[in-house]
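Read the structure below first, then the notes.
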Amino acid sequence: MGLEFEAVRAPELQGTAWFNTPQPLTLADVRGKLVLLDFWTYCCINCLHVLEDLKYLEAKYAGRPLAVIGIHSPKFTNEDDPESVRQAIARYGITHPVMLDSGRRTWDAYGVRGWPTLVLVDPRGYVLGRVSGEGNRARLDAAIAQAFDLLGQAEALDPTPLPVRLEAESGAFSPESPLLYPGKVLADEASKSLYIADTGHHRIIRTDLDGGAYVTIGDGESGATDGDYETARFRAPQGMALDAARNCLYVADTGNHLLRRIDLETQSVTTIAGTGEQGLRRTEGGPALSTPLNSPWDLCLLENQLYIAMAGSHQIWVYHPANETVAVFAGSGAEHRTDGSAIQAAFAQPSGIATDGVNLYIADSEISCVREIELADPEPKVRTLAGGDLFQFGDRDGRGDMARMQHPLGVAWVPVGAPAGGTLYVADTYNHKVRRLDAATRDLSSFSGKSSAGFEDGPPLMARFREPSGLSYARGRLYVADTNNSAIRVVSLPDGSVSTLALPGLCAPGICLPG
């Protein structure tokens with residue numbers, strides 16, 4: 001079969017909530033179909049990559065009796081919340097049924113040991129085989145094709161599609177929102193500009209620091225097209241970095257596995273790194289346009305070098321504009337928390353990056369940590385400032401290893417001389433709050449937002465966010481990409497009070513023509 005062969009009776013599906021379907025599904029409901037179970041959790045970058053394989057297989061075998069069912073077996077506490085899962089399903093465009101496997105009961109019944117794991121079940125309810133990890137599209141495709149060949153003459157096959165009721169069409173979400181799941185934000189005090197990665201609308205918004213005089217970059221359709229502002233296309237863009245000397249904006253075009261450059265003078269978009277294919281093999285780098293990237297998630301420019309939080313390969317890379325090359329800067333590629341030299345260190349899905357002009361700071365999401373890369377030494381060194389490890393997370397103020405966060409995705413440096421300056425601020429994404437971290441003492445403290453998801457402005461202990469993912473500082477304020485609220489929030493320093501940035505006249509792509 002091309003998979004690990006089993007041929008044992010498939011355990012029943014035991015979930016606490018179902019999505020994209022009008023009723024819970026049992027194995028009896030899918031009898032007569034070849035069933036592909038995807039054990040995943042939405043924090044996991046490898047799981048997100050596998051979603052692309054599933055979309056490919058669903059399209060290839062459309063009209064055949066293949067049923068894909070997602071088994072969402074949560075790692076983090078926040079991922080056990082049905083509303084959080086519902087948001088993730090809509091955000092990533094998942095159209096097959098998904099079951100929330102609270103307590104990982106179905107995970108245990110199938111003997112799953114890691115995310116992602118895919119299990120193939122035959123029309124009689126027997127497990128045919130399984131495969132773990134990403135990069136297995138060809139093996140899955142071959143196994144499904146072989147199974148259909150063997151089952152082709154069987155009368156028991158049932159090609160009737162499973163009943164579907166998409167969460168994205170439930171009315172709980174608004175694709176017509178002016179912003180849709182913004183992932184990152186970049187504020188620049190010198191130019192009085194604010195750049196927003198409008199991730200769900202596949203575009204970049206440039207506005208001023210008060211939300212006026214905006215410009216949209218990209219036509220809002222998913223793609224990888226270079227060109228002017230009106231015709232260029234991105235796919236789920238995330239982090240950005242401004243190069244004032246070159247008058248350009250660098251963009252981590254995450255869904256395309258590319259780096260893009262926006263020329264702010266000519267108003268044009270150009271691809272500068274990546275091939276458009278996900279880089280699955282470990283590499284030290286090379287010519288930028290012939291080296292595959294792996295989910296670049298955030299960017300930081302320092303001394304003419306563009307540092308990249310390469311979430312998919314668990315590394316920090318660097319792009320050299322002068323010779324147009326990319327290279328691994330730190331991280332072995334192993335998914336761990338390991339401090340030490342840049343070569344020996346290990347990260348776990350780094351998703352945010354910032355600098356104080358001397359060091360780099362990393363939001364290392366899967367180990368719920370903030371890391372520091374000291375650049376001043378002859379050899380860069382990595383150390384952990386605060387947080388736990390792969391399965392050590394929570395919501396606890398404290399110093400260093402005693403502190404706990406939950407899947408932080410963003411980090412910002414507020415400079416000395418600014419209100420509450422010389423301090424790191426962290427988007428503690430799954431705790432729905434902004435934290436403050438003293439890099440010298442390693443003390444982490446809660447700063448703004450309750451620990452429960454919501455959408456409320458006001459004083460820091462009353463305000464609420466919903467999975468904030470990006471931070472940037474300018475003019476005495478932190479700008480927050482409040483992802484699941486599809487909004488930009490503004491946190492006043494030093495008091496931590498929160499307001500929502502108004503974007504008058506901004507429209508979703510194709511909804512209106514602001515003038």
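Lettering and numbering for the structure tokens are positional, with chains as A, B, ... in the shown order, residues counted from 1 in each chain, and ligands counted from 1 in the shown order.
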
Within segment 286-420 of chain A, find each residue whose DSSP state, derived from the backbone, is strand (DSSP E), and express the selection as a ChimeraX atom specification.
/A:286-287,296-302,305-310,315-320,325-330,340-341,350-355,359-364,369-374,381-387,398-399,410-414

For segment 340-357 of chain A, find every residue with an atom within 6 Å (counting only C-alpha atoms), except residues of its own chain fewer than 5 positions away, and show them as a compact mmCIF listing (two decimals) with N, CA and C atoms, in the first residue's frame.
```txt
# COMPACT_ATOMS: atom_id res chain seq x y z
N TRP A 297 7.76 33.12 8.18
CA TRP A 297 6.63 33.64 8.94
C TRP A 297 6.81 35.09 9.40
N ASP A 298 8.04 35.50 9.64
CA ASP A 298 8.26 36.88 10.08
C ASP A 298 9.65 37.33 9.64
N CYS A 300 12.87 40.59 9.94
CA CYS A 300 13.48 41.66 10.72
C CYS A 300 14.74 42.12 9.99
N ALA A 309 12.28 34.39 10.23
CA ALA A 309 11.79 33.32 11.10
C ALA A 309 11.17 32.26 10.20
N ALA A 311 9.48 29.29 9.95
CA ALA A 311 8.70 28.43 10.84
C ALA A 311 8.72 26.97 10.41
N HIS A 314 12.04 25.28 11.34
CA HIS A 314 12.47 25.48 12.73
C HIS A 314 13.86 26.14 12.79
N ALA A 330 20.72 30.37 12.07
CA ALA A 330 20.71 29.72 13.38
C ALA A 330 19.68 28.60 13.37
N GLY A 331 20.01 27.53 14.06
CA GLY A 331 19.08 26.41 14.19
C GLY A 331 19.52 25.21 13.38
N SER A 332 19.53 24.04 14.02
CA SER A 332 19.93 22.80 13.36
C SER A 332 18.84 22.24 12.46
N ALA A 334 16.27 20.71 13.88
CA ALA A 334 15.53 19.85 14.81
C ALA A 334 14.49 20.69 15.55
N GLU A 335 13.36 20.08 15.90
CA GLU A 335 12.30 20.79 16.60
C GLU A 335 12.46 20.56 18.10
N ILE A 362 13.14 36.16 19.42
CA ILE A 362 12.33 35.21 18.67
C ILE A 362 11.14 34.75 19.50
N ALA A 363 9.94 34.83 18.93
CA ALA A 363 8.78 34.17 19.51
C ALA A 363 8.78 32.74 18.98
N ASP A 364 9.17 31.81 19.84
CA ASP A 364 9.34 30.41 19.44
C ASP A 364 8.09 29.65 19.86
N SER A 365 7.16 29.54 18.93
CA SER A 365 5.76 29.27 19.30
C SER A 365 5.51 27.88 19.86
N GLU A 366 6.08 26.83 19.27
CA GLU A 366 5.72 25.48 19.69
C GLU A 366 6.29 25.11 21.06
N PRO A 380 27.44 33.92 17.04
CA PRO A 380 26.13 34.17 17.63
C PRO A 380 25.72 33.03 18.56
N LYS A 381 25.08 33.40 19.66
CA LYS A 381 24.64 32.41 20.64
C LYS A 381 23.16 32.59 20.92
N VAL A 382 22.50 31.47 21.18
CA VAL A 382 21.06 31.44 21.44
C VAL A 382 20.84 31.11 22.90
N LEU A 409 3.14 34.10 19.11
CA LEU A 409 3.46 34.24 17.70
C LEU A 409 4.14 35.56 17.35
N GLY A 410 4.15 36.53 18.27
CA GLY A 410 4.71 37.83 17.93
C GLY A 410 5.53 38.41 19.04
N VAL A 411 6.53 39.25 18.67
CA VAL A 411 7.37 39.93 19.66
C VAL A 411 7.76 41.28 19.09
N ALA A 412 7.84 42.30 19.95
CA ALA A 412 8.22 43.64 19.52
C ALA A 412 9.12 44.27 20.57
```

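Across A:Leu302, A:Leu506, A:Leu151, A:Val215, the tightest approach to Gln267 of chain A is made by A:Val215 when counting only C-alpha atoms.
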
I want to know what sits within 6 Å of Val119 of chain A, based on only C-alpha atoms, with residues of the same chain fewer than 2 positions away left out; could you give that as a PyMOL selection string?
chain A and resi 36-37+129-130

For the residues selected in the previous step, produce a file with C-alpha atoms as an mmCIF file, in the first residue's frame.
```
data_model
loop_
_atom_site.group_PDB
_atom_site.id
_atom_site.type_symbol
_atom_site.label_atom_id
_atom_site.label_comp_id
_atom_site.auth_asym_id
_atom_site.auth_seq_id
_atom_site.Cartn_x
_atom_site.Cartn_y
_atom_site.Cartn_z
ATOM 1 C CA LEU A 36 -8.645 9.095 5.190
ATOM 2 C CA LEU A 37 -8.373 10.267 8.808
ATOM 3 C CA GLY A 129 -2.299 1.623 6.933
ATOM 4 C CA ARG A 130 -0.914 4.896 8.217
#
```

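Across the model, the gap from atom CA of Ala17 of chain A to atom CA of Leu100 of chain A is 5.2 Å.
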
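The shortest atom-to-atom distance to Asp149 of chain A, with only C-alpha atoms taken into account, belongs to A:Arg64 out of A:Ala10, A:Ile373, A:Thr423, A:Arg64.
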
Hey, which of A:Gln23, A:Cys47, A:Leu180, A:Asp53 ends up closest to Met99 of chain A? Count only C-alpha atoms.
A:Gln23

List every residue of segment 145-197 of chain A that DSSP, applied to the backbone of this structure, assigns to alpha helix (DSSP H), and report them as a PyMOL selection string.
chain A and resi 145-151

Dump as an mmCIF file, in the first residue's frame, selection limited to N, CA and C atoms:
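Below is the file that was written, again17.cif:
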```
data_model
loop_
_atom_site.group_PDB
_atom_site.id
_atom_site.type_symbol
_atom_site.label_atom_id
_atom_site.label_comp_id
_atom_site.auth_asym_id
_atom_site.auth_seq_id
_atom_site.Cartn_x
_atom_site.Cartn_y
_atom_site.Cartn_z
ATOM 1 N N ALA A 145 -4.962 5.133 -4.728
ATOM 2 C CA ALA A 145 -5.177 4.593 -6.073
ATOM 3 C C ALA A 145 -5.159 3.069 -6.058
ATOM 4 N N GLN A 146 -4.219 2.485 -5.315
ATOM 5 C CA GLN A 146 -4.141 1.034 -5.237
ATOM 6 C C GLN A 146 -5.374 0.459 -4.555
ATOM 7 N N ALA A 147 -5.831 1.122 -3.501
ATOM 8 C CA ALA A 147 -7.025 0.640 -2.811
ATOM 9 C C ALA A 147 -8.234 0.675 -3.728
ATOM 10 N N PHE A 148 -8.375 1.722 -4.505
ATOM 11 C CA PHE A 148 -9.512 1.795 -5.431
ATOM 12 C C PHE A 148 -9.408 0.726 -6.517
ATOM 13 N N ASP A 149 -8.188 0.431 -6.957
ATOM 14 C CA ASP A 149 -8.021 -0.637 -7.950
ATOM 15 C C ASP A 149 -8.477 -1.976 -7.384
ATOM 16 N N LEU A 150 -8.121 -2.230 -6.143
ATOM 17 C CA LEU A 150 -8.485 -3.504 -5.519
ATOM 18 C C LEU A 150 -9.972 -3.573 -5.208
ATOM 19 N N LEU A 151 -10.558 -2.401 -4.933
ATOM 20 C CA LEU A 151 -11.966 -2.372 -4.547
ATOM 21 C C LEU A 151 -12.887 -2.097 -5.724
#
```

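Candidate residues A:Val251, A:Ile316, A:Leu128, A:Ala245 were compared for distance to Glu265 of chain A, and the nearest is A:Ala245, using only C-alpha atoms.
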
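Residue nearest Arg396 of chain A within the list A:Ala88, A:Ala508, A:Ala138, A:Leu444: A:Leu444 [criterion: smallest interatomic distance, only C-alpha atoms].
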
For Phe465 of chain A, which residue out of A:Asp428, A:Asp141, A:Asp339, A:Asp482 is the nearest one, using only C-alpha atoms?
A:Asp482

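The space between atom CA of Asn46 of chain A and atom CA of Lys60 of chain A spans 21.6 Å.
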
Any idea what's packed within 7 Å of Gly496 of chain A, counting only C-alpha atoms, ignoring anything in its chain fewer than 2 positions away? Could you give it as a PyMOL selection string?
chain A and resi 447-448+459-460+491-494+498

Output the selection as a tab-separated table (two decimals), in the first residue's frame - all heavy atoms for each residue.
```tsv
chain	number	residue	atom	x	y	z
A	447	PHE	N	0.56	42.19	30.78
A	447	PHE	CA	0.52	43.63	30.55
A	447	PHE	C	-0.87	44.11	30.16
A	447	PHE	O	-1.40	45.05	30.74
A	447	PHE	CB	1.54	44.02	29.49
A	447	PHE	CG	1.56	45.49	29.18
A	447	PHE	CD1	1.97	46.41	30.15
A	447	PHE	CD2	1.16	45.97	27.94
A	447	PHE	CE1	1.98	47.77	29.88
A	447	PHE	CE2	1.18	47.32	27.66
A	447	PHE	CZ	1.58	48.23	28.63
A	448	SER	N	-1.47	43.47	29.17
A	448	SER	CA	-2.78	43.93	28.70
A	448	SER	C	-3.59	42.77	28.17
A	448	SER	O	-3.07	41.92	27.43
A	448	SER	CB	-2.60	44.99	27.61
A	448	SER	OG	-3.83	45.57	27.24
A	459	PRO	N	-9.45	49.47	29.84
A	459	PRO	CA	-8.26	49.30	30.67
A	459	PRO	C	-7.65	47.92	30.48
A	459	PRO	O	-8.33	46.98	30.06
A	459	PRO	CB	-8.79	49.49	32.10
A	459	PRO	CG	-10.09	50.20	31.93
A	459	PRO	CD	-10.66	49.76	30.63
A	460	PRO	N	-6.36	47.77	30.81
A	460	PRO	CA	-5.68	46.50	30.53
A	460	PRO	C	-6.31	45.27	31.16
A	460	PRO	O	-6.28	44.19	30.56
A	460	PRO	CB	-4.26	46.74	31.08
A	460	PRO	CG	-4.36	47.93	31.96
A	460	PRO	CD	-5.46	48.76	31.42
A	491	VAL	N	-2.55	49.50	21.75
A	491	VAL	CA	-2.29	49.45	23.19
A	491	VAL	C	-1.45	50.66	23.56
A	491	VAL	O	-0.34	50.84	23.05
A	491	VAL	CB	-1.56	48.16	23.58
A	491	VAL	CG1	-1.32	48.13	25.09
A	491	VAL	CG2	-2.37	46.94	23.15
A	492	SER	N	-1.98	51.49	24.42
A	492	SER	CA	-1.27	52.69	24.85
A	492	SER	C	-0.19	52.33	25.86
A	492	SER	O	-0.40	51.53	26.76
A	492	SER	CB	-2.26	53.68	25.48
A	492	SER	OG	-1.58	54.83	25.96
A	493	LEU	N	1.00	52.94	25.67
A	493	LEU	CA	2.07	52.78	26.65
A	493	LEU	C	2.22	54.08	27.43
A	493	LEU	O	2.08	55.16	26.86
A	493	LEU	CB	3.39	52.45	25.94
A	493	LEU	CG	3.44	51.13	25.16
A	493	LEU	CD1	4.82	50.93	24.56
A	493	LEU	CD2	3.08	49.95	26.03
A	494	PRO	N	2.45	54.02	28.75
A	494	PRO	CA	2.76	52.79	29.49
A	494	PRO	C	1.58	52.15	30.19
A	494	PRO	O	1.76	51.15	30.88
A	494	PRO	CB	3.77	53.29	30.53
A	494	PRO	CG	3.28	54.68	30.84
A	494	PRO	CD	2.73	55.23	29.55
A	498	VAL	N	-6.52	49.71	25.86
A	498	VAL	CA	-6.68	49.19	24.50
A	498	VAL	C	-7.81	49.90	23.79
A	498	VAL	O	-8.88	50.14	24.36
A	498	VAL	CB	-6.96	47.67	24.53
A	498	VAL	CG1	-7.17	47.11	23.13
A	498	VAL	CG2	-5.82	46.93	25.22
```

Name all residues at most 12 Å from Thr271 of chain A (count only C-alpha atoms; drop same-chain ones fewer than 2 positions away) and give them as a PyMOL selection string.
chain A and resi 224-227+232-234+249-253+256-263+268-269+273-276+288-290+324

Selected residues written out, C-alpha atoms, as a PDB file, in the first residue's frame:
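Once everything was written out, this is result.pdb:
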```
ATOM      1  CA  ALA A 224       2.079  34.505  -6.602  1.00  0.00           C
ATOM      2  CA  THR A 225       1.971  37.184  -9.267  1.00  0.00           C
ATOM      3  CA  ASP A 226       4.487  40.015  -9.478  1.00  0.00           C
ATOM      4  CA  GLY A 227       3.423  43.385 -10.846  1.00  0.00           C
ATOM      5  CA  ALA A 232       0.105  41.580  -7.774  1.00  0.00           C
ATOM      6  CA  ARG A 233      -0.951  38.568  -5.740  1.00  0.00           C
ATOM      7  CA  PHE A 234       0.135  37.069  -2.431  1.00  0.00           C
ATOM      8  CA  LEU A 249       8.975  46.726   2.125  1.00  0.00           C
ATOM      9  CA  TYR A 250       9.939  43.064   2.434  1.00  0.00           C
ATOM     10  CA  VAL A 251       7.073  40.592   2.869  1.00  0.00           C
ATOM     11  CA  ALA A 252       7.070  36.995   4.084  1.00  0.00           C
ATOM     12  CA  ASP A 253       4.664  35.495   1.560  1.00  0.00           C
ATOM     13  CA  ASN A 256       3.701  30.745  -1.310  1.00  0.00           C
ATOM     14  CA  HIS A 257       6.981  29.937   0.523  1.00  0.00           C
ATOM     15  CA  LEU A 258       8.423  33.136  -0.971  1.00  0.00           C
ATOM     16  CA  LEU A 259       9.941  36.457  -0.012  1.00  0.00           C
ATOM     17  CA  ARG A 260       8.526  39.436  -1.890  1.00  0.00           C
ATOM     18  CA  ARG A 261       9.753  43.021  -2.164  1.00  0.00           C
ATOM     19  CA  ILE A 262       7.395  45.963  -2.528  1.00  0.00           C
ATOM     20  CA  ASP A 263       9.022  48.996  -4.157  1.00  0.00           C
ATOM     21  CA  SER A 268       5.446  47.305  -7.724  1.00  0.00           C
ATOM     22  CA  VAL A 269       5.911  43.833  -6.247  1.00  0.00           C
ATOM     23  CA  ALA A 273      13.612  34.556  -2.759  1.00  0.00           C
ATOM     24  CA  GLY A 274      12.108  31.096  -2.968  1.00  0.00           C
ATOM     25  CA  THR A 275      10.932  28.897  -5.810  1.00  0.00           C
ATOM     26  CA  GLY A 276       7.256  28.708  -4.893  1.00  0.00           C
ATOM     27  CA  ALA A 288      17.838  33.257  -3.335  1.00  0.00           C
ATOM     28  CA  LEU A 289      15.597  32.543  -6.313  1.00  0.00           C
ATOM     29  CA  SER A 290      16.679  28.917  -6.691  1.00  0.00           C
ATOM     30  CA  GLU A 324      20.753  38.014  -3.451  1.00  0.00           C
TER      31      GLU A 324
END
```

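For the atom pair formed by atom CA of Glu221 of chain A and atom CA of Gly200 of chain A, the distance is 9.8 Å, given to one decimal.
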
Taking a cut-off of 12 Å and counting only C-alpha atoms, can you build a table that, for each residue of segment 25-77 of chain A near segment 399-406 of chain A, reports the nearest atom pair and how far apart they are in Å (one decimal), sorted by chain then residue number, as CSV?
```
residue,atom,partner,partner_atom,distance
A:Cys43,CA,A:Gln406,CA,10.5
A:Lys75,CA,A:Gln406,CA,10.4
A:Phe76,CA,A:Gln406,CA,7.2
A:Thr77,CA,A:Gln406,CA,8.3
```

Export of the given selection (N, CA, C and O atoms) as a CSV table (one decimal), in the first residue's frame:
```
chain,number,residue,atom,x,y,z
A,43,CYS,N,-2.1,24.4,15.7
A,43,CYS,CA,-0.9,25.1,15.9
A,43,CYS,C,0.3,24.6,15.1
A,43,CYS,O,1.3,25.3,14.9
A,75,LYS,N,-3.2,20.0,21.0
A,75,LYS,CA,-2.0,20.0,21.9
A,75,LYS,C,-2.2,21.1,23.0
A,75,LYS,O,-2.0,20.8,24.2
A,76,PHE,N,-2.5,22.3,22.6
A,76,PHE,CA,-2.7,23.4,23.6
A,76,PHE,C,-4.1,23.5,24.1
A,76,PHE,O,-5.0,23.1,23.5
A,77,THR,N,-4.2,24.0,25.3
A,77,THR,CA,-5.5,24.2,25.9
A,77,THR,C,-6.5,25.0,25.1
A,77,THR,O,-7.6,24.6,24.9
```
